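Engineer: So here's data-v3.txt, just compact mmCIF, C-alpha atoms and all ligand atoms:
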# COMPACT_ATOMS: atom_id res chain seq x y z
CA MET L 1 -30.41 80.55 118.54
CA ASN L 2 -29.09 83.99 117.66
CA ARG L 3 -26.28 85.69 119.48
CA ARG L 4 -28.51 88.15 121.36
CA LYS L 5 -30.77 85.41 122.63
CA PHE L 6 -27.78 83.35 123.63
CA LEU L 7 -26.27 86.19 125.66
CA LEU L 8 -29.61 87.05 127.23
CA GLY L 9 -30.11 83.44 128.20
CA LEU L 10 -26.67 83.32 129.72
CA VAL L 11 -27.39 86.36 131.88
CA VAL L 12 -30.95 85.55 132.86
CA CYS L 13 -30.64 81.83 133.30
CA PRO L 14 -27.51 79.89 132.41
CA SER L 15 -29.49 76.67 132.48
CA VAL L 16 -31.41 77.80 129.38
CA ILE L 17 -28.19 77.50 127.42
CA PHE L 18 -26.72 74.49 129.10
CA GLY L 19 -29.90 72.50 129.52
CA ALA L 20 -29.52 72.09 133.27
CA ASP L 21 -33.18 72.90 133.88
CA GLU L 22 -34.19 69.92 131.81
CA LYS L 23 -32.09 67.73 134.07
CA GLU L 24 -33.61 69.28 137.20
CA HIS L 25 -37.11 68.49 136.00
CA LYS L 26 -36.12 64.87 135.65
CA GLU L 27 -34.96 64.65 139.25
CA LYS L 28 -37.20 62.35 141.24
CA TYR L 29 -38.15 63.01 144.84
CA LEU L 30 -39.34 60.73 147.57
CA LYS L 31 -42.08 62.56 149.46
CA ILE L 32 -42.23 61.31 153.00
CA TYR L 33 -44.06 62.81 155.95
CA CYS L 34 -42.41 62.61 159.33
CA SER L 35 -45.28 62.73 161.81
CA HIS L 36 -43.03 63.33 164.83
CA ARG L 37 -41.72 66.49 163.25
CA LYS L 38 -44.93 67.33 161.40
CA LYS L 39 -42.80 67.91 158.34
CA LEU L 40 -42.94 66.69 154.77
CA PHE L 41 -39.50 65.83 153.41
CA GLU L 42 -38.72 65.78 149.71
CA ILE L 43 -35.68 63.60 149.27
CA PRO L 44 -33.81 63.28 145.96
CA VAL L 45 -33.77 59.67 144.76
CA THR L 46 -30.32 60.07 143.20
CA PRO L 47 -27.65 59.54 145.88
CA SER L 48 -26.15 62.90 146.83
CA ILE L 49 -25.13 65.03 149.80
CA SER L 50 -28.66 66.41 149.83
CA GLN L 51 -30.10 62.90 150.01
CA PHE L 52 -27.75 62.05 152.87
CA LEU L 53 -28.63 65.17 154.88
CA LYS L 54 -32.37 64.89 154.35
CA THR L 55 -32.63 61.18 155.12
CA TYR L 56 -30.40 61.69 158.17
CA GLU L 57 -32.88 64.27 159.46
CA CYS L 58 -36.10 62.57 158.38
CA PHE L 59 -35.21 59.05 159.58
CA LYS L 60 -33.73 60.24 162.88
CA ASP L 61 -34.34 58.31 166.09
CA LEU L 62 -36.19 60.89 168.13
CA ARG L 63 -35.79 59.16 171.49
CA SER L 64 -32.04 59.61 171.31
CA ASN L 65 -32.00 62.38 168.70
CA LYS L 66 -29.46 60.35 166.72
CA GLY L 67 -29.42 59.96 162.97
CA SER L 68 -27.68 57.59 160.61
CA PHE L 69 -26.68 57.08 157.03
CA ILE L 70 -29.74 55.73 155.21
CA TYR L 71 -29.08 53.41 152.29
CA PRO L 72 -29.94 54.94 148.87
CA LYS L 73 -31.43 51.60 147.84
CA LEU L 74 -34.11 52.07 150.51
CA VAL L 75 -34.90 55.56 149.22
CA GLU L 76 -35.20 54.17 145.69
CA LYS L 77 -37.55 51.36 146.78
CA LEU L 78 -39.71 53.75 148.80
CA TYR L 79 -39.90 56.04 145.79
CA ASN L 80 -41.08 53.17 143.60
CA ILE L 81 -43.83 52.41 146.13
CA GLN L 82 -44.82 56.09 146.18
CA ARG L 83 -44.90 56.18 142.38
CA TYR L 84 -47.13 53.11 142.20
CA PHE L 85 -49.74 54.90 144.32
CA GLY L 86 -49.78 57.97 142.07
CA ASN L 87 -47.02 59.85 143.91
CA LYS L 88 -49.02 60.21 147.13
CA HIS L 89 -46.62 60.94 149.97
CA LEU L 90 -45.65 58.15 152.38
CA GLU L 91 -45.96 58.44 156.16
CA LEU L 92 -42.92 57.31 158.12
CA VAL L 93 -43.69 55.53 161.39
CA SER L 94 -40.13 54.43 162.18
CA GLY L 95 -36.80 54.87 160.39
CA PHE L 96 -33.42 54.61 162.07
CA ARG L 97 -33.26 53.24 165.65
CA THR L 98 -30.46 53.07 168.14
CA LYS L 99 -29.99 49.77 170.01
CA HIS L 100 -31.56 51.34 173.08
CA THR L 101 -34.68 52.55 171.26
CA ASN L 102 -34.96 49.24 169.46
CA LYS L 103 -35.09 47.45 172.78
CA ILE L 104 -37.77 49.79 174.12
CA VAL L 105 -40.03 49.34 171.09
CA GLY L 106 -39.47 45.57 171.12
CA GLY L 107 -37.69 45.39 167.75
CA ALA L 108 -35.85 42.27 166.57
CA LYS L 109 -32.31 41.95 167.95
CA HIS L 110 -30.71 42.34 164.54
CA SER L 111 -33.32 44.76 163.25
CA LEU L 112 -32.49 46.41 159.92
CA HIS L 113 -33.65 49.67 161.53
CA LEU L 114 -30.30 49.71 163.38
CA LEU L 115 -28.43 49.82 160.09
CA GLY L 116 -30.40 52.49 158.23
CA LYS L 117 -31.82 49.86 155.90
CA ALA L 118 -35.47 49.78 157.02
CA ALA L 119 -38.61 51.90 157.22
CA ASP L 120 -42.09 51.34 158.65
CA ILE L 121 -44.60 53.15 156.47
CA TYR L 122 -48.22 53.64 155.57
CA ILE L 123 -50.09 55.71 152.99
CA PRO L 124 -53.28 57.52 154.03
CA GLY L 125 -56.21 56.07 152.10
CA VAL L 126 -54.36 52.87 151.13
CA SER L 127 -55.12 49.61 152.96
CA ILE L 128 -52.24 47.87 154.73
CA SER L 129 -52.96 44.69 152.74
CA LYS L 130 -52.66 46.52 149.44
CA LEU L 131 -49.53 48.38 150.56
CA TYR L 132 -47.99 45.06 151.67
CA LYS L 133 -48.77 43.39 148.36
CA VAL L 134 -47.29 46.22 146.28
CA SER L 135 -44.26 46.63 148.56
CA SER L 136 -43.60 42.90 148.35
CA ARG L 137 -43.50 43.11 144.58
CA ILE L 138 -41.27 46.18 144.54
CA ILE L 139 -38.81 44.98 147.21
CA ASN L 140 -38.76 41.60 145.43
CA ASN L 141 -35.61 39.63 146.36
CA ASP L 142 -33.72 42.69 147.62
CA GLY L 143 -35.14 42.64 151.12
CA GLY L 144 -37.82 42.05 153.71
CA VAL L 145 -41.45 43.11 153.90
CA GLY L 146 -43.56 42.72 157.03
CA LYS L 147 -47.27 43.30 157.37
CA TYR L 148 -48.37 44.84 160.69
CA LEU L 149 -52.10 44.94 160.26
CA LYS L 150 -52.92 45.75 163.87
CA HIS L 151 -50.37 48.54 164.11
CA GLY L 152 -51.31 49.91 160.72
CA PHE L 153 -47.99 49.91 158.89
CA VAL L 154 -45.78 47.91 156.55
CA HIS L 155 -42.11 47.29 157.25
CA VAL L 156 -39.78 47.38 154.25
CA ASP L 157 -36.02 46.82 154.24
CA VAL L 158 -33.15 46.30 151.84
CA ARG L 159 -31.19 43.53 153.60
CA GLY L 160 -30.13 42.01 150.28
CA SER L 161 -32.15 38.80 150.53
CA ARG L 162 -35.83 37.95 150.51
CA ALA L 163 -37.89 37.78 153.74
CA ARG L 164 -41.64 38.04 154.31
CA TRP L 165 -43.76 37.94 157.47
CA ARG L 166 -47.07 39.01 158.94
CA SER L 167 -47.71 40.16 162.48
ZN ZN E 1 -39.73 47.86 160.83
Spell out the structure here as structure tokens.
Ligand SMILES: [Zn+2]

Structural biologist:
Amino acid sequence: MNRRKFLLGLVVCPSVIFGADEKEHKEKYLKIYCSHRKKLFEIPVTPSISQFLKTYECFKDLRSNKGSFIYPKLVEKLYNIQRYFGNKHLELVSGFRTKHTNKIVGGAKHSLHLLGKAADIYIPGVSISKLYKVSSRIINNDGGVGKYLKHGFVHVDVRGSRARWRS
């Protein structure tokens, strides 16, 4: 690169010189649609302030309007599920829940939704059975996967040990 080009690059776009744009292109995003808000969130998979703020907003308990820290491991697992299905966005049915909300919706007493470690999801055009099967493989021994055929969603969590159930 000659001097003129270098200087021009520095003025126009510093990333041309320092290669930051290459890094940006490699950033992975979890695409998750929050139906309550009618908003598609794009959440960076790498833990960061941006990930914290976006998951806080997207996974918020709307009954109480309270958010929570959402574990990066959950974001990573959800991203891997998204990627398996050709990067189609996921639909979030339920993210974080307060104790009160959890009681109302009939969640388990020690639900992982209370800790920011769980999500109930579905993908338009993908059967719940298929989503369950793939999620089970991706979550592996890191957490729980529940199949809710009648309600039309799959529960995934990152509790740190394996659990499977069908409802
Ligand atoms: Zn759940």

Engineer: Which residues sit within 7 Å of ligand ZN 1 (chain E), counting all atoms listed in the file, listed as a PDB file with C-alpha atoms, keeping the file's coordinate frame?

Structural biologist:
ATOM      1  CA  SER L  94     -40.130  54.430 162.180  1.00  0.00           C
ATOM      2  CA  HIS L 113     -33.650  49.670 161.530  1.00  0.00           C
ATOM      3  CA  ALA L 118     -35.470  49.780 157.020  1.00  0.00           C
ATOM      4  CA  ALA L 119     -38.610  51.900 157.220  1.00  0.00           C
ATOM      5  CA  ASP L 120     -42.090  51.340 158.650  1.00  0.00           C
ATOM      6  CA  HIS L 155     -42.110  47.290 157.250  1.00  0.00           C
ATOM      7  CA  VAL L 156     -39.780  47.380 154.250  1.00  0.00           C
TER       8      VAL L 156
END

Engineer: Nearest residue to Phe52 in chain L out of L:Lys147, L:Val75, L:His36, L:Lys31, using all atoms listed in the file?

Structural biologist: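 Answer, going by the shortest atom-to-atom distance: L:Val75.
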
Engineer: Of the candidates L:Lys39, L:Arg137, L:Arg63, L:Lys77, which one gets nearest to Arg97 in chain L if we count only C-alpha atoms?

Structural biologist: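 Closest to Arg97 in chain L, using only C-alpha atoms: L:Arg63.
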
Engineer: How many Å lie between CA of Leu90 in chain L and CA of Lys109 in chain L, rounded to one decimal?

Structural biologist: 26.1 Å

Engineer: Between CA of Val93 in chain L and CA of Ile123 in chain L, what is the distance in Å, rounded to a tenth?

Structural biologist: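 A separation of 10.6 Å between them.
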
Engineer: Box in all listed atoms of range 48-67 of chain L, axis-aligned, with 3 Å more on each side; write out centre and edge lengths in Å to one decimal as AutoDock Vina command-line options.

Structural biologist:
--center_x -30.7 --center_y 62.4 --center_z 159.2 --size_x 17.1 --size_y 14.1 --size_z 30.7
